Protein chains: 2
Amino acid sequence: MSDTFFYYPDIRENSQLSEEESRHCIKVLRMKEGDRLTITDGKGFLYDCILVEAHPKHCMVSIETENFRDKSWNFNLHIAFAPTKNMERNEWFVEKATEIGVDEITPLLCRFSERKEVKSERLRKIMVSAMKQSRQTVLPCLNETIPFHEFISMPFSGRKFIAHCYPTEKKRLTQTYKKGEDALLLIGPEGDFSEEEVQKAIEKGFQPISLGENRLRTETACLVACHTVHVLNQLEL
Amino acid sequence: MSDTFFYYPDIRENSQLSEEESRHCIKVLRMKEGDRLTITDGKGFLYDCILVEAHPKHCMVSIETENFRDKSWNFNLHIAFAPTKNMERNEWFVEKATEIGVDEITPLLCRFSERKEVKSERLRKIMVSAMKQSRQTVLPCLNETIPFHEFISMPFSGRKFIAHCYPTEKKRLTQTYKKGEDALLLIGPEGDFSEEEVQKAIEKGFQPISLGENRLRTETACLVACHTVHVLNQLEL
């Protein structure tokens with residue numbers, strides 16, 4: 001089994017790799033005909049393959065064995081966040097969240113958002129790369145950017161949380177989230193959610209939470225929320 | 001109290017701000033004489049001050065009140081890691097670890113290290129900035145780079161862990177670390193610690209641990225280790 005996975009969502013229908021993956025195979029890894037490679041379709045399947053045609057633009061592979069290997073956590077984790085002005089910080093968050101484990105990411109458009117749109121294609125590429133590098137088989141879903149008020153009205157079956165910095169009474173995420181629960185967490189922009197947004201979210205069933213004493217940057221708060229849920233799920237109760 | 005803290009380690013001896021902080025005061029924040037600012041010395045003290053001379057290169061302040069406000073965690077957390085080839089990933093780690101909370105960071109020189117030195121001054125600046133931005137009063141200590149074998153022989157009073165990816169028996173950090181314990185965690189380079197390094201560390205009292213199922217990049221593993229200890233300390237037992 002090769003070290004890093006390859007990603008090819010249509011492997012079952014078509015045994016020719018994409019131009020990008022082919023280039024990676026031949027030019028970067030200098031693979032030759034007969035070499036083995038491990039391909040994931042990003043939907044949980046892992047294919048042990050043999051390179052049958054080593055072409056720098058369109059490699060052909062043949063599937064030897066096929067296995068289903070689900071994600072390593074048994075809950076649904078959805079982070080919805082207001083992207084930061086600095087795009088690198090958003091890229092960093094999606095990379096790290098993918099490595100650690102997340103099911104769904106939704107960019108939100110909030111009252112105090114400093115960024116109105118994200119380059120989804122670029123973020124998806126980073127997520128694919130992080131999935132392959134961390135040897136996972138399921139690609140998290142990156143949704144399109146959606147206005148805050150529209151998003152909080154959508155159905156979600158699980159616990160719903162909104163992290164904010166206003167000095168009102170709220171529990172720590174570590175004190176209220178319980179192992180095994182599906183969770184949706186909202187993280188606000190650099191200037192926080194507006195008080196009205198917090199209020200509306202509470203009306204829609206979101207529980208206000210704190211992520212700790214220190215004031216965290218948006219992308220740090222996103223990652224802290226994501227990883228906190230994982231740690232709580234690793235505990236033996 | 002102003003939003004972001006200012007950092008001035010010698011405030012008690014000298015009421016003139018550094019050129020950098022003065023510029024920030026006057027040129028970025030456009031502060032005027034009589035304005036209030038909050039200064040930390042990075043050693044736990046917080047000074048509520050008044051700007052008495054608004055000079056773009058050497059502001060003068062007078063201290064109004066002084067408070068001691070310790071770090072928000074009651075354990076000692078030391079992360080020693082092999083810096084990655086890509087310097088940005090190291091910068092990212094020290095920024096995020098400072099925001100979340102760390103006491104000491106030590107860059108290690110390992111058998112498979114791809115980077116032999118780090119720009120300590122630049123990393124320290126990033127840590128100062130993260131401390132101020134997250135409104136903390138204690139600056140974590142960044143040690144000089146040290147060879148692995150020298151480092152593991154140094155005394156440390158607390159639990160000592162080494163994270164590695166070899167398929168030997170090891171516990172998860174979440175299953176062995178206990179709330180309140182001081183902890184020193186070793187995180188290896190991109191190519192992992194050598195088997196000999198792992199063995200030597202074990203002989204020196206380090207416990208081998210896993211950080212989870214997914215293969216994490218060095219800087220992600222550092223942050224996951226750091227944040228795991230914080231989450232476990234937030235639990236009500």
# chains A, B, ... in the order shown; residues from 1 in each chain; ligands from 1
call {"tool": "residues_around", "arguments": {"residues": "Val224 (chain A)", "least_positions_apart": "4", "cutoff": "12 Å", "atoms": "only C-alpha atoms", "output": "JSON list (two decimals) with all heavy atoms, in the first residue's frame"}}
result
[["chain", "number", "residue", "atom", "x", "y", "z"],
["A", 79, "ILE", "N", -19.48, 22.17, 11.14],
["A", 79, "ILE", "CA", -19.03, 23.49, 11.60],
["A", 79, "ILE", "C", -19.48, 24.53, 10.58],
["A", 79, "ILE", "O", -19.15, 24.42, 9.39],
["A", 79, "ILE", "CB", -17.48, 23.55, 11.72],
["A", 79, "ILE", "CG1", -16.92, 22.39, 12.52],
["A", 79, "ILE", "CG2", -17.04, 24.91, 12.27],
["A", 79, "ILE", "CD1", -16.87, 22.55, 14.01],
["A", 93, "PHE", "N", -7.95, 26.53, 8.31],
["A", 93, "PHE", "CA", -8.99, 25.85, 9.08],
["A", 93, "PHE", "C", -9.53, 24.61, 8.35],
["A", 93, "PHE", "O", -9.65, 23.54, 8.95],
["A", 93, "PHE", "CB", -10.14, 26.80, 9.44],
["A", 93, "PHE", "CG", -11.40, 26.06, 9.80],
["A", 93, "PHE", "CD1", -11.42, 25.17, 10.87],
["A", 93, "PHE", "CD2", -12.55, 26.21, 9.04],
["A", 93, "PHE", "CE1", -12.57, 24.45, 11.19],
["A", 93, "PHE", "CE2", -13.70, 25.49, 9.35],
["A", 93, "PHE", "CZ", -13.71, 24.61, 10.42],
["A", 96, "LYS", "N", -6.95, 21.77, 8.52],
["A", 96, "LYS", "CA", -6.80, 21.15, 9.84],
["A", 96, "LYS", "C", -8.05, 20.39, 10.26],
["A", 96, "LYS", "O", -7.97, 19.32, 10.87],
["A", 96, "LYS", "CB", -6.46, 22.21, 10.89],
["A", 96, "LYS", "CG", -5.13, 22.91, 10.64],
["A", 96, "LYS", "CD", -4.05, 21.91, 10.35],
["A", 96, "LYS", "CE", -2.76, 22.53, 9.92],
["A", 96, "LYS", "NZ", -1.95, 21.55, 9.13],
["A", 97, "ALA", "N", -9.22, 20.95, 9.97],
["A", 97, "ALA", "CA", -10.48, 20.27, 10.34],
["A", 97, "ALA", "C", -10.58, 18.96, 9.58],
["A", 97, "ALA", "O", -11.02, 17.95, 10.14],
["A", 97, "ALA", "CB", -11.66, 21.17, 10.04],
["A", 100, "ILE", "N", -8.24, 16.43, 11.25],
["A", 100, "ILE", "CA", -8.73, 15.98, 12.56],
["A", 100, "ILE", "C", -10.04, 15.21, 12.40],
["A", 100, "ILE", "O", -10.27, 14.22, 13.08],
["A", 100, "ILE", "CB", -8.91, 17.20, 13.49],
["A", 100, "ILE", "CG1", -7.53, 17.76, 13.85],
["A", 100, "ILE", "CG2", -9.70, 16.85, 14.74],
["A", 100, "ILE", "CD1", -7.57, 19.10, 14.56],
["A", 163, "ALA", "N", -21.29, 29.68, 19.43],
["A", 163, "ALA", "CA", -20.22, 30.22, 20.28],
["A", 163, "ALA", "C", -20.20, 31.74, 20.10],
["A", 163, "ALA", "O", -20.24, 32.23, 18.98],
["A", 163, "ALA", "CB", -18.88, 29.63, 19.87],
["A", 172, "ARG", "N", -19.65, 25.98, 29.00],
["A", 172, "ARG", "CA", -18.55, 25.59, 28.13],
["A", 172, "ARG", "C", -19.00, 24.42, 27.28],
["A", 172, "ARG", "O", -19.76, 23.57, 27.76],
["A", 172, "ARG", "CB", -17.37, 25.13, 28.99],
["A", 172, "ARG", "CG", -16.64, 26.26, 29.59],
["A", 172, "ARG", "CD", -15.17, 25.89, 29.67],
["A", 172, "ARG", "NE", -14.42, 27.00, 30.18],
["A", 172, "ARG", "CZ", -13.12, 26.98, 30.37],
["A", 172, "ARG", "NH1", -12.44, 25.90, 30.08],
["A", 172, "ARG", "NH2", -12.49, 28.02, 30.82],
["A", 173, "LEU", "N", -18.50, 24.35, 26.07],
["A", 173, "LEU", "CA", -18.82, 23.22, 25.19],
["A", 173, "LEU", "C", -18.47, 21.90, 25.89],
["A", 173, "LEU", "O", -19.24, 20.93, 25.83],
["A", 173, "LEU", "CB", -18.04, 23.34, 23.87],
["A", 173, "LEU", "CG", -18.24, 22.21, 22.87],
["A", 173, "LEU", "CD1", -19.70, 22.03, 22.49],
["A", 173, "LEU", "CD2", -17.40, 22.45, 21.61],
["A", 174, "THR", "N", -17.34, 21.88, 26.61],
["A", 174, "THR", "CA", -16.93, 20.66, 27.33],
["A", 174, "THR", "C", -17.91, 20.26, 28.43],
["A", 174, "THR", "O", -17.90, 19.12, 28.87],
["A", 174, "THR", "CB", -15.55, 20.86, 28.00],
["A", 174, "THR", "OG1", -15.51, 22.16, 28.58],
["A", 174, "THR", "CG2", -14.43, 20.70, 27.02],
["A", 185, "LEU", "N", -22.06, 23.40, 15.06],
["A", 185, "LEU", "CA", -21.50, 24.53, 15.83],
["A", 185, "LEU", "C", -21.35, 25.75, 14.95],
["A", 185, "LEU", "O", -20.79, 25.66, 13.85],
["A", 185, "LEU", "CB", -20.13, 24.13, 16.38],
["A", 185, "LEU", "CG", -20.16, 23.04, 17.45],
["A", 185, "LEU", "CD1", -19.40, 21.82, 16.99],
["A", 185, "LEU", "CD2", -19.58, 23.54, 18.76],
["A", 187, "ILE", "N", -19.65, 29.43, 14.45],
["A", 187, "ILE", "CA", -18.54, 30.27, 14.89],
["A", 187, "ILE", "C", -18.60, 31.58, 14.11],
["A", 187, "ILE", "O", -18.68, 31.58, 12.88],
["A", 187, "ILE", "CB", -17.18, 29.58, 14.62],
["A", 187, "ILE", "CG1", -17.14, 28.14, 15.19],
["A", 187, "ILE", "CG2", -16.02, 30.42, 15.14],
["A", 187, "ILE", "CD1", -17.12, 28.02, 16.69],
["A", 210, "SER", "N", -19.40, 28.72, 25.38],
["A", 210, "SER", "CA", -18.10, 29.36, 25.43],
["A", 210, "SER", "C", -17.06, 28.29, 25.09],
["A", 210, "SER", "O", -17.25, 27.11, 25.36],
["A", 210, "SER", "CB", -17.86, 29.91, 26.84],
["A", 210, "SER", "OG", -16.49, 29.86, 27.16],
["A", 211, "LEU", "N", -15.98, 28.72, 24.48],
["A", 211, "LEU", "CA", -14.90, 27.78, 24.14],
["A", 211, "LEU", "C", -13.71, 27.94, 25.07],
["A", 211, "LEU", "O", -12.65, 27.37, 24.84],
["A", 211, "LEU", "CB", -14.48, 27.96, 22.68],
["A", 211, "LEU", "CG", -15.56, 27.61, 21.65],
["A", 211, "LEU", "CD1", -15.16, 28.06, 20.26],
["A", 211, "LEU", "CD2", -15.85, 26.11, 21.66],
["A", 212, "GLY", "N", -13.86, 28.74, 26.14],
["A", 212, "GLY", "CA", -12.77, 28.89, 27.10],
["A", 212, "GLY", "C", -12.52, 30.34, 27.46],
["A", 212, "GLY", "O", -13.21, 31.23, 26.99],
["A", 214, "ASN", "N", -9.69, 32.27, 26.98],
["A", 214, "ASN", "CA", -8.93, 33.13, 26.07],
["A", 214, "ASN", "C", -9.79, 33.53, 24.86],
["A", 214, "ASN", "O", -10.57, 32.74, 24.36],
["A", 214, "ASN", "CB", -7.69, 32.40, 25.57],
["A", 214, "ASN", "CG", -6.78, 31.99, 26.73],
["A", 214, "ASN", "OD1", -6.92, 32.52, 27.83],
["A", 214, "ASN", "ND2", -5.90, 31.05, 26.49],
["A", 215, "ARG", "N", -9.58, 34.75, 24.40],
["A", 215, "ARG", "CA", -10.30, 35.19, 23.21],
["A", 215, "ARG", "C", -9.60, 34.60, 21.99],
["A", 215, "ARG", "O", -8.45, 34.92, 21.73],
["A", 215, "ARG", "CB", -10.31, 36.72, 23.15],
["A", 215, "ARG", "CG", -11.25, 37.23, 22.08],
["A", 215, "ARG", "CD", -11.31, 38.73, 22.08],
["A", 215, "ARG", "NE", -10.01, 39.33, 21.82],
["A", 215, "ARG", "CZ", -9.82, 40.62, 21.62],
["A", 215, "ARG", "NH1", -10.84, 41.46, 21.70],
["A", 215, "ARG", "NH2", -8.63, 41.09, 21.36],
["A", 216, "LEU", "N", -10.31, 33.76, 21.27],
["A", 216, "LEU", "CA", -9.70, 33.05, 20.13],
["A", 216, "LEU", "C", -10.07, 33.72, 18.81],
["A", 216, "LEU", "O", -11.17, 34.25, 18.65],
["A", 216, "LEU", "CB", -10.19, 31.60, 20.09],
["A", 216, "LEU", "CG", -9.96, 30.77, 21.35],
["A", 216, "LEU", "CD1", -10.62, 29.41, 21.20],
["A", 216, "LEU", "CD2", -8.47, 30.62, 21.64],
["A", 217, "ARG", "N", -9.15, 33.68, 17.87],
["A", 217, "ARG", "CA", -9.45, 34.10, 16.51],
["A", 217, "ARG", "C", -10.52, 33.18, 15.92],
["A", 217, "ARG", "O", -10.64, 32.02, 16.35],
["A", 217, "ARG", "CB", -8.20, 33.99, 15.64],
["A", 217, "ARG", "CG", -7.19, 35.09, 15.83],
["A", 217, "ARG", "CD", -5.98, 34.77, 14.97],
["A", 217, "ARG", "NE", -4.99, 35.80, 15.05],
["A", 217, "ARG", "CZ", -5.03, 36.94, 14.35],
["A", 217, "ARG", "NH1", -6.02, 37.17, 13.50],
["A", 217, "ARG", "NH2", -4.08, 37.84, 14.48],
["A", 218, "THR", "N", -11.22, 33.66, 14.91],
["A", 218, "THR", "CA", -12.28, 32.85, 14.29],
["A", 218, "THR", "C", -11.80, 31.45, 13.92],
["A", 218, "THR", "O", -12.40, 30.44, 14.30],
["A", 218, "THR", "CB", -12.82, 33.57, 13.04],
["A", 218, "THR", "OG1", -13.51, 34.74, 13.45],
["A", 218, "THR", "CG2", -13.78, 32.68, 12.26],
["A", 219, "GLU", "N", -10.69, 31.38, 13.18],
["A", 219, "GLU", "CA", -10.26, 30.06, 12.69],
["A", 219, "GLU", "C", -9.76, 29.18, 13.82],
["A", 219, "GLU", "O", -9.90, 27.95, 13.75],
["A", 219, "GLU", "CB", -9.23, 30.21, 11.57],
["A", 219, "GLU", "CG", -7.81, 30.56, 12.01],
["A", 219, "GLU", "CD", -7.62, 32.04, 12.32],
["A", 219, "GLU", "OE1", -8.63, 32.79, 12.31],
["A", 219, "GLU", "OE2", -6.47, 32.46, 12.58],
["A", 220, "THR", "N", -9.23, 29.79, 14.88],
["A", 220, "THR", "CA", -8.80, 29.00, 16.05],
["A", 220, "THR", "C", -10.04, 28.46, 16.77],
["A", 220, "THR", "O", -10.07, 27.29, 17.18],
["A", 220, "THR", "CB", -7.95, 29.85, 17.01],
["A", 220, "THR", "OG1", -7.05, 30.64, 16.26],
["A", 220, "THR", "CG2", -7.20, 28.99, 17.99],
["A", 228, "THR", "N", -12.57, 19.70, 20.20],
["A", 228, "THR", "CA", -13.18, 19.44, 21.51],
["A", 228, "THR", "C", -14.19, 18.29, 21.39],
["A", 228, "THR", "O", -14.21, 17.38, 22.23],
["A", 228, "THR", "CB", -13.89, 20.71, 22.04],
["A", 228, "THR", "OG1", -12.92, 21.74, 22.21],
["A", 228, "THR", "CG2", -14.60, 20.46, 23.36],
["A", 229, "VAL", "N", -14.99, 18.31, 20.34],
["A", 229, "VAL", "CA", -15.99, 17.24, 20.14],
["A", 229, "VAL", "C", -15.28, 15.89, 19.97],
["A", 229, "VAL", "O", -15.72, 14.88, 20.53],
["A", 229, "VAL", "CB", -16.90, 17.58, 18.93],
["A", 229, "VAL", "CG1", -17.77, 16.39, 18.55],
["A", 229, "VAL", "CG2", -17.76, 18.80, 19.25],
["A", 230, "HIS", "N", -14.17, 15.89, 19.25],
["A", 230, "HIS", "CA", -13.43, 14.63, 19.10],
["A", 230, "HIS", "C", -12.87, 14.12, 20.42],
["A", 230, "HIS", "O", -12.96, 12.93, 20.72],
["A", 230, "HIS", "CB", -12.30, 14.79, 18.07],
["A", 230, "HIS", "CG", -12.77, 14.68, 16.66],
["A", 230, "HIS", "ND1", -12.99, 13.47, 16.05],
["A", 230, "HIS", "CD2", -13.11, 15.62, 15.76],
["A", 230, "HIS", "CE1", -13.43, 13.68, 14.81],
["A", 230, "HIS", "NE2", -13.50, 14.97, 14.60],
["A", 231, "VAL", "N", -12.28, 15.02, 21.20],
["A", 231, "VAL", "CA", -11.69, 14.59, 22.48],
["A", 231, "VAL", "C", -12.79, 14.02, 23.38],
["A", 231, "VAL", "O", -12.62, 12.95, 23.99],
["A", 231, "VAL", "CB", -10.95, 15.74, 23.19],
["A", 231, "VAL", "CG1", -10.51, 15.32, 24.59],
["A", 231, "VAL", "CG2", -9.75, 16.18, 22.38],
["B", 96, "LYS", "N", -1.18, 29.42, 17.24],
["B", 96, "LYS", "CA", -2.38, 28.74, 17.75],
["B", 96, "LYS", "C", -2.17, 28.19, 19.16],
["B", 96, "LYS", "O", -3.07, 28.26, 20.00],
["B", 96, "LYS", "CB", -2.77, 27.60, 16.81],
["B", 96, "LYS", "CG", -3.16, 28.06, 15.41],
["B", 96, "LYS", "CD", -4.11, 29.22, 15.47],
["B", 96, "LYS", "CE", -4.37, 29.85, 14.14],
["B", 96, "LYS", "NZ", -4.89, 31.24, 14.31],
["B", 97, "ALA", "N", -0.98, 27.66, 19.43],
["B", 97, "ALA", "CA", -0.71, 27.13, 20.77],
["B", 97, "ALA", "C", -0.76, 28.25, 21.79],
["B", 97, "ALA", "O", -1.27, 28.09, 22.90],
["B", 97, "ALA", "CB", 0.64, 26.43, 20.79],
["B", 99, "GLU", "N", -2.52, 31.06, 21.56],
["B", 99, "GLU", "CA", -3.94, 31.43, 21.74],
["B", 99, "GLU", "C", -4.65, 30.45, 22.68],
["B", 99, "GLU", "O", -5.39, 30.85, 23.58],
["B", 99, "GLU", "CB", -4.67, 31.39, 20.40],
["B", 99, "GLU", "CG", -4.51, 32.60, 19.54],
["B", 99, "GLU", "CD", -5.36, 32.46, 18.27],
["B", 99, "GLU", "OE1", -6.60, 32.49, 18.36],
["B", 99, "GLU", "OE2", -4.77, 32.30, 17.20],
["B", 100, "ILE", "N", -4.43, 29.15, 22.44],
["B", 100, "ILE", "CA", -5.13, 28.12, 23.22],
["B", 100, "ILE", "C", -4.53, 28.01, 24.62],
["B", 100, "ILE", "O", -5.26, 27.83, 25.59],
["B", 100, "ILE", "CB", -5.05, 26.76, 22.48],
["B", 100, "ILE", "CG1", -5.91, 26.84, 21.21],
["B", 100, "ILE", "CG2", -5.49, 25.61, 23.36],
["B", 100, "ILE", "CD1", -5.73, 25.67, 20.26],
["B", 101, "GLY", "N", -3.21, 28.14, 24.71],
["B", 101, "GLY", "CA", -2.55, 28.11, 26.01],
["B", 101, "GLY", "C", -1.45, 27.07, 26.10],
["B", 101, "GLY", "O", -1.72, 25.87, 26.04],
["B", 220, "THR", "N", -0.14, 19.85, 13.07],
["B", 220, "THR", "CA", -1.49, 19.50, 13.52],
["B", 220, "THR", "C", -1.39, 18.63, 14.78],
["B", 220, "THR", "O", -2.14, 18.84, 15.74],
["B", 220, "THR", "CB", -2.26, 18.74, 12.41],
["B", 220, "THR", "OG1", -2.02, 19.36, 11.17],
["B", 220, "THR", "CG2", -3.75, 18.72, 12.71],
["B", 223, "LEU", "N", -0.71, 20.76, 17.78],
["B", 223, "LEU", "CA", -1.86, 21.49, 18.27],
["B", 223, "LEU", "C", -2.88, 20.56, 18.92],
["B", 223, "LEU", "O", -3.49, 20.90, 19.95],
["B", 223, "LEU", "CB", -2.52, 22.28, 17.13],
["B", 223, "LEU", "CG", -3.34, 23.40, 17.72],
["B", 223, "LEU", "CD1", -2.43, 24.52, 18.20],
["B", 223, "LEU", "CD2", -4.35, 23.90, 16.74],
["B", 224, "VAL", "N", -3.07, 19.40, 18.32],
["B", 224, "VAL", "CA", -4.01, 18.41, 18.86],
["B", 224, "VAL", "C", -3.55, 17.99, 20.26],
["B", 224, "VAL", "O", -4.35, 17.92, 21.20],
["B", 224, "VAL", "CB", -4.12, 17.21, 17.89],
["B", 224, "VAL", "CG1", -4.59, 15.96, 18.60],
["B", 224, "VAL", "CG2", -5.06, 17.56, 16.74],
["B", 225, "ALA", "N", -2.25, 17.76, 20.43],
["B", 225, "ALA", "CA", -1.72, 17.38, 21.74],
["B", 225, "ALA", "C", -1.99, 18.48, 22.76],
["B", 225, "ALA", "O", -2.50, 18.24, 23.85],
["B", 225, "ALA", "CB", -0.22, 17.11, 21.63],
["B", 226, "CYS", "N", -1.68, 19.69, 22.38],
["B", 226, "CYS", "CA", -1.85, 20.86, 23.26],
["B", 226, "CYS", "C", -3.32, 21.02, 23.66],
["B", 226, "CYS", "O", -3.66, 21.15, 24.84],
["B", 226, "CYS", "CB", -1.33, 22.09, 22.52],
["B", 226, "CYS", "SG", -1.65, 23.66, 23.31],
["B", 227, "HIS", "N", -4.21, 20.98, 22.70],
["B", 227, "HIS", "CA", -5.62, 21.22, 22.99],
["B", 227, "HIS", "C", -6.27, 20.05, 23.74],
["B", 227, "HIS", "O", -7.16, 20.25, 24.56],
["B", 227, "HIS", "CB", -6.38, 21.54, 21.70],
["B", 227, "HIS", "CG", -7.80, 21.91, 21.96],
["B", 227, "HIS", "ND1", -8.86, 21.16, 21.52],
["B", 227, "HIS", "CD2", -8.34, 22.93, 22.67],
["B", 227, "HIS", "CE1", -9.99, 21.73, 21.92],
["B", 227, "HIS", "NE2", -9.70, 22.79, 22.62],
["B", 228, "THR", "N", -5.79, 18.82, 23.46],
["B", 228, "THR", "CA", -6.34, 17.65, 24.18],
["B", 228, "THR", "C", -6.13, 17.83, 25.68],
["B", 228, "THR", "O", -7.05, 17.59, 26.48],
["B", 228, "THR", "CB", -5.65, 16.35, 23.69],
["B", 228, "THR", "OG1", -5.93, 16.18, 22.30],
["B", 228, "THR", "CG2", -6.14, 15.13, 24.46],
["B", 230, "HIS", "N", -5.86, 20.58, 27.33],
["B", 230, "HIS", "CA", -6.79, 21.61, 27.83],
["B", 230, "HIS", "C", -8.21, 21.05, 28.00],
["B", 230, "HIS", "O", -8.86, 21.32, 29.00],
["B", 230, "HIS", "CB", -6.80, 22.82, 26.90],
["B", 230, "HIS", "CG", -5.66, 23.75, 27.15],
["B", 230, "HIS", "ND1", -5.68, 24.69, 28.15],
["B", 230, "HIS", "CD2", -4.46, 23.87, 26.55],
["B", 230, "HIS", "CE1", -4.54, 25.35, 28.15],
["B", 230, "HIS", "NE2", -3.77, 24.88, 27.20],
["B", 231, "VAL", "N", -8.68, 20.30, 27.00],
["B", 231, "VAL", "CA", -10.05, 19.77, 27.09],
["B", 231, "VAL", "C", -10.16, 18.84, 28.30],
["B", 231, "VAL", "O", -11.12, 18.93, 29.08],
["B", 231, "VAL", "CB", -10.44, 19.01, 25.79],
["B", 231, "VAL", "CG1", -11.79, 18.31, 25.98],
["B", 231, "VAL", "CG2", -10.51, 19.96, 24.61]]
call {"tool": "residues_around", "arguments": {"residues": "region 64-66 of chain A", "least_positions_apart": "6", "cutoff": "12 Å", "atoms": "only C-alpha atoms", "output": "list in words"}}
result
Met1, Ile11, Arg12, Ser15, Gly34, Asp35, Arg36, Leu37, Thr38, Ile39, Thr40, Asp41, Gly44, Phe45, Leu46, Tyr47, Asp48, Cys49, Ile50, Leu51 and Val52 of chain A
call {"tool": "write_last_selection", "arguments": {"atoms": "N, CA and C atoms", "output": "mmCIF file, in the first residue's frame"}}
result
data_model
loop_
_atom_site.group_PDB
_atom_site.id
_atom_site.type_symbol
_atom_site.label_atom_id
_atom_site.label_comp_id
_atom_site.auth_asym_id
_atom_site.auth_seq_id
_atom_site.Cartn_x
_atom_site.Cartn_y
_atom_site.Cartn_z
ATOM 1 N N MET A 1 0.860 -1.190 0.000
ATOM 2 C CA MET A 1 0.000 0.000 0.000
ATOM 3 C C MET A 1 0.895 1.238 0.000
ATOM 4 N N ILE A 11 -13.607 6.195 -9.826
ATOM 5 C CA ILE A 11 -12.767 5.040 -10.132
ATOM 6 C C ILE A 11 -13.566 3.823 -10.591
ATOM 7 N N ARG A 12 -14.751 3.643 -10.052
ATOM 8 C CA ARG A 12 -15.537 2.453 -10.398
ATOM 9 C C ARG A 12 -16.041 2.490 -11.843
ATOM 10 N N SER A 15 -11.424 3.757 -15.368
ATOM 11 C CA SER A 15 -10.134 3.388 -14.779
ATOM 12 C C SER A 15 -8.992 4.300 -15.228
ATOM 13 N N GLY A 34 2.958 -1.457 -13.316
ATOM 14 C CA GLY A 34 3.093 -2.561 -12.381
ATOM 15 C C GLY A 34 3.150 -2.108 -10.926
ATOM 16 N N ASP A 35 3.390 -0.793 -10.696
ATOM 17 C CA ASP A 35 3.433 -0.269 -9.314
ATOM 18 C C ASP A 35 2.035 -0.281 -8.696
ATOM 19 N N ARG A 36 2.005 -0.415 -7.393
ATOM 20 C CA ARG A 36 0.724 -0.419 -6.675
ATOM 21 C C ARG A 36 0.384 0.971 -6.149
ATOM 22 N N LEU A 37 -0.882 1.312 -6.159
ATOM 23 C CA LEU A 37 -1.320 2.566 -5.541
ATOM 24 C C LEU A 37 -2.686 2.363 -4.886
ATOM 25 N N THR A 38 -2.936 3.170 -3.860
ATOM 26 C CA THR A 38 -4.187 3.057 -3.123
ATOM 27 C C THR A 38 -5.039 4.278 -3.435
ATOM 28 N N ILE A 39 -6.225 4.000 -3.947
ATOM 29 C CA ILE A 39 -7.112 5.091 -4.367
ATOM 30 C C ILE A 39 -8.354 5.109 -3.484
ATOM 31 N N THR A 40 -8.786 6.297 -3.064
ATOM 32 C CA THR A 40 -10.071 6.396 -2.371
ATOM 33 C C THR A 40 -11.021 7.204 -3.254
ATOM 34 N N ASP A 41 -12.295 6.881 -3.135
ATOM 35 C CA ASP A 41 -13.296 7.646 -3.903
ATOM 36 C C ASP A 41 -13.880 8.786 -3.054
ATOM 37 N N GLY A 44 -15.698 6.611 1.214
ATOM 38 C CA GLY A 44 -15.484 5.498 2.136
ATOM 39 C C GLY A 44 -14.848 4.271 1.511
ATOM 40 N N PHE A 45 -14.755 4.234 0.177
ATOM 41 C CA PHE A 45 -14.154 3.056 -0.469
ATOM 42 C C PHE A 45 -12.670 3.260 -0.721
ATOM 43 N N LEU A 46 -11.954 2.170 -0.548
ATOM 44 C CA LEU A 46 -10.514 2.177 -0.722
ATOM 45 C C LEU A 46 -10.187 1.078 -1.735
ATOM 46 N N TYR A 47 -9.463 1.448 -2.793
ATOM 47 C CA TYR A 47 -9.150 0.508 -3.861
ATOM 48 C C TYR A 47 -7.647 0.300 -3.937
ATOM 49 N N ASP A 48 -7.258 -0.950 -3.844
ATOM 50 C CA ASP A 48 -5.856 -1.280 -4.030
ATOM 51 C C ASP A 48 -5.700 -1.540 -5.529
ATOM 52 N N CYS A 49 -4.865 -0.735 -6.198
ATOM 53 C CA CYS A 49 -4.806 -0.782 -7.664
ATOM 54 C C CYS A 49 -3.401 -1.040 -8.177
ATOM 55 N N ILE A 50 -3.334 -1.401 -9.448
ATOM 56 C CA ILE A 50 -2.046 -1.547 -10.125
ATOM 57 C C ILE A 50 -2.043 -0.593 -11.312
ATOM 58 N N LEU A 51 -0.916 0.063 -11.494
ATOM 59 C CA LEU A 51 -0.786 0.998 -12.609
ATOM 60 C C LEU A 51 -0.545 0.171 -13.870
ATOM 61 N N VAL A 52 -1.510 0.207 -14.822
ATOM 62 C CA VAL A 52 -1.331 -0.604 -16.036
ATOM 63 C C VAL A 52 -0.830 0.234 -17.208
#
call {"tool": "residues_around", "arguments": {"residues": "Thr106 (chain A)", "least_positions_apart": "4", "cutoff": "10 Å", "atoms": "only C-alpha atoms", "output": "VMD selection string"}}
result
chain A and resid 78 to 83 141 to 146 151 186
call {"tool": "write_last_selection", "arguments": {"atoms": "C-alpha atoms", "output": "PDB file, in the first residue's frame"}}
result
ATOM      1  CA  HIS A  78     -20.903  20.180  11.190  1.00  0.00           C
ATOM      2  CA  ILE A  79     -19.026  23.487  11.598  1.00  0.00           C
ATOM      3  CA  ALA A  80     -20.643  26.631  10.165  1.00  0.00           C
ATOM      4  CA  PHE A  81     -18.396  29.674  10.318  1.00  0.00           C
ATOM      5  CA  ALA A  82     -18.024  33.233   9.088  1.00  0.00           C
ATOM      6  CA  PRO A  83     -14.886  33.162   6.895  1.00  0.00           C
ATOM      7  CA  CYS A 141     -18.714  18.194   2.467  1.00  0.00           C
ATOM      8  CA  LEU A 142     -18.088  21.901   1.852  1.00  0.00           C
ATOM      9  CA  ASN A 143     -21.387  23.708   1.362  1.00  0.00           C
ATOM     10  CA  GLU A 144     -21.928  26.942  -0.499  1.00  0.00           C
ATOM     11  CA  THR A 145     -21.887  30.202   1.488  1.00  0.00           C
ATOM     12  CA  ILE A 146     -25.298  30.948   2.976  1.00  0.00           C
ATOM     13  CA  PHE A 151     -28.946  28.796   7.682  1.00  0.00           C
ATOM     14  CA  LEU A 186     -21.695  28.141  14.708  1.00  0.00           C
TER      15      LEU A 186
END
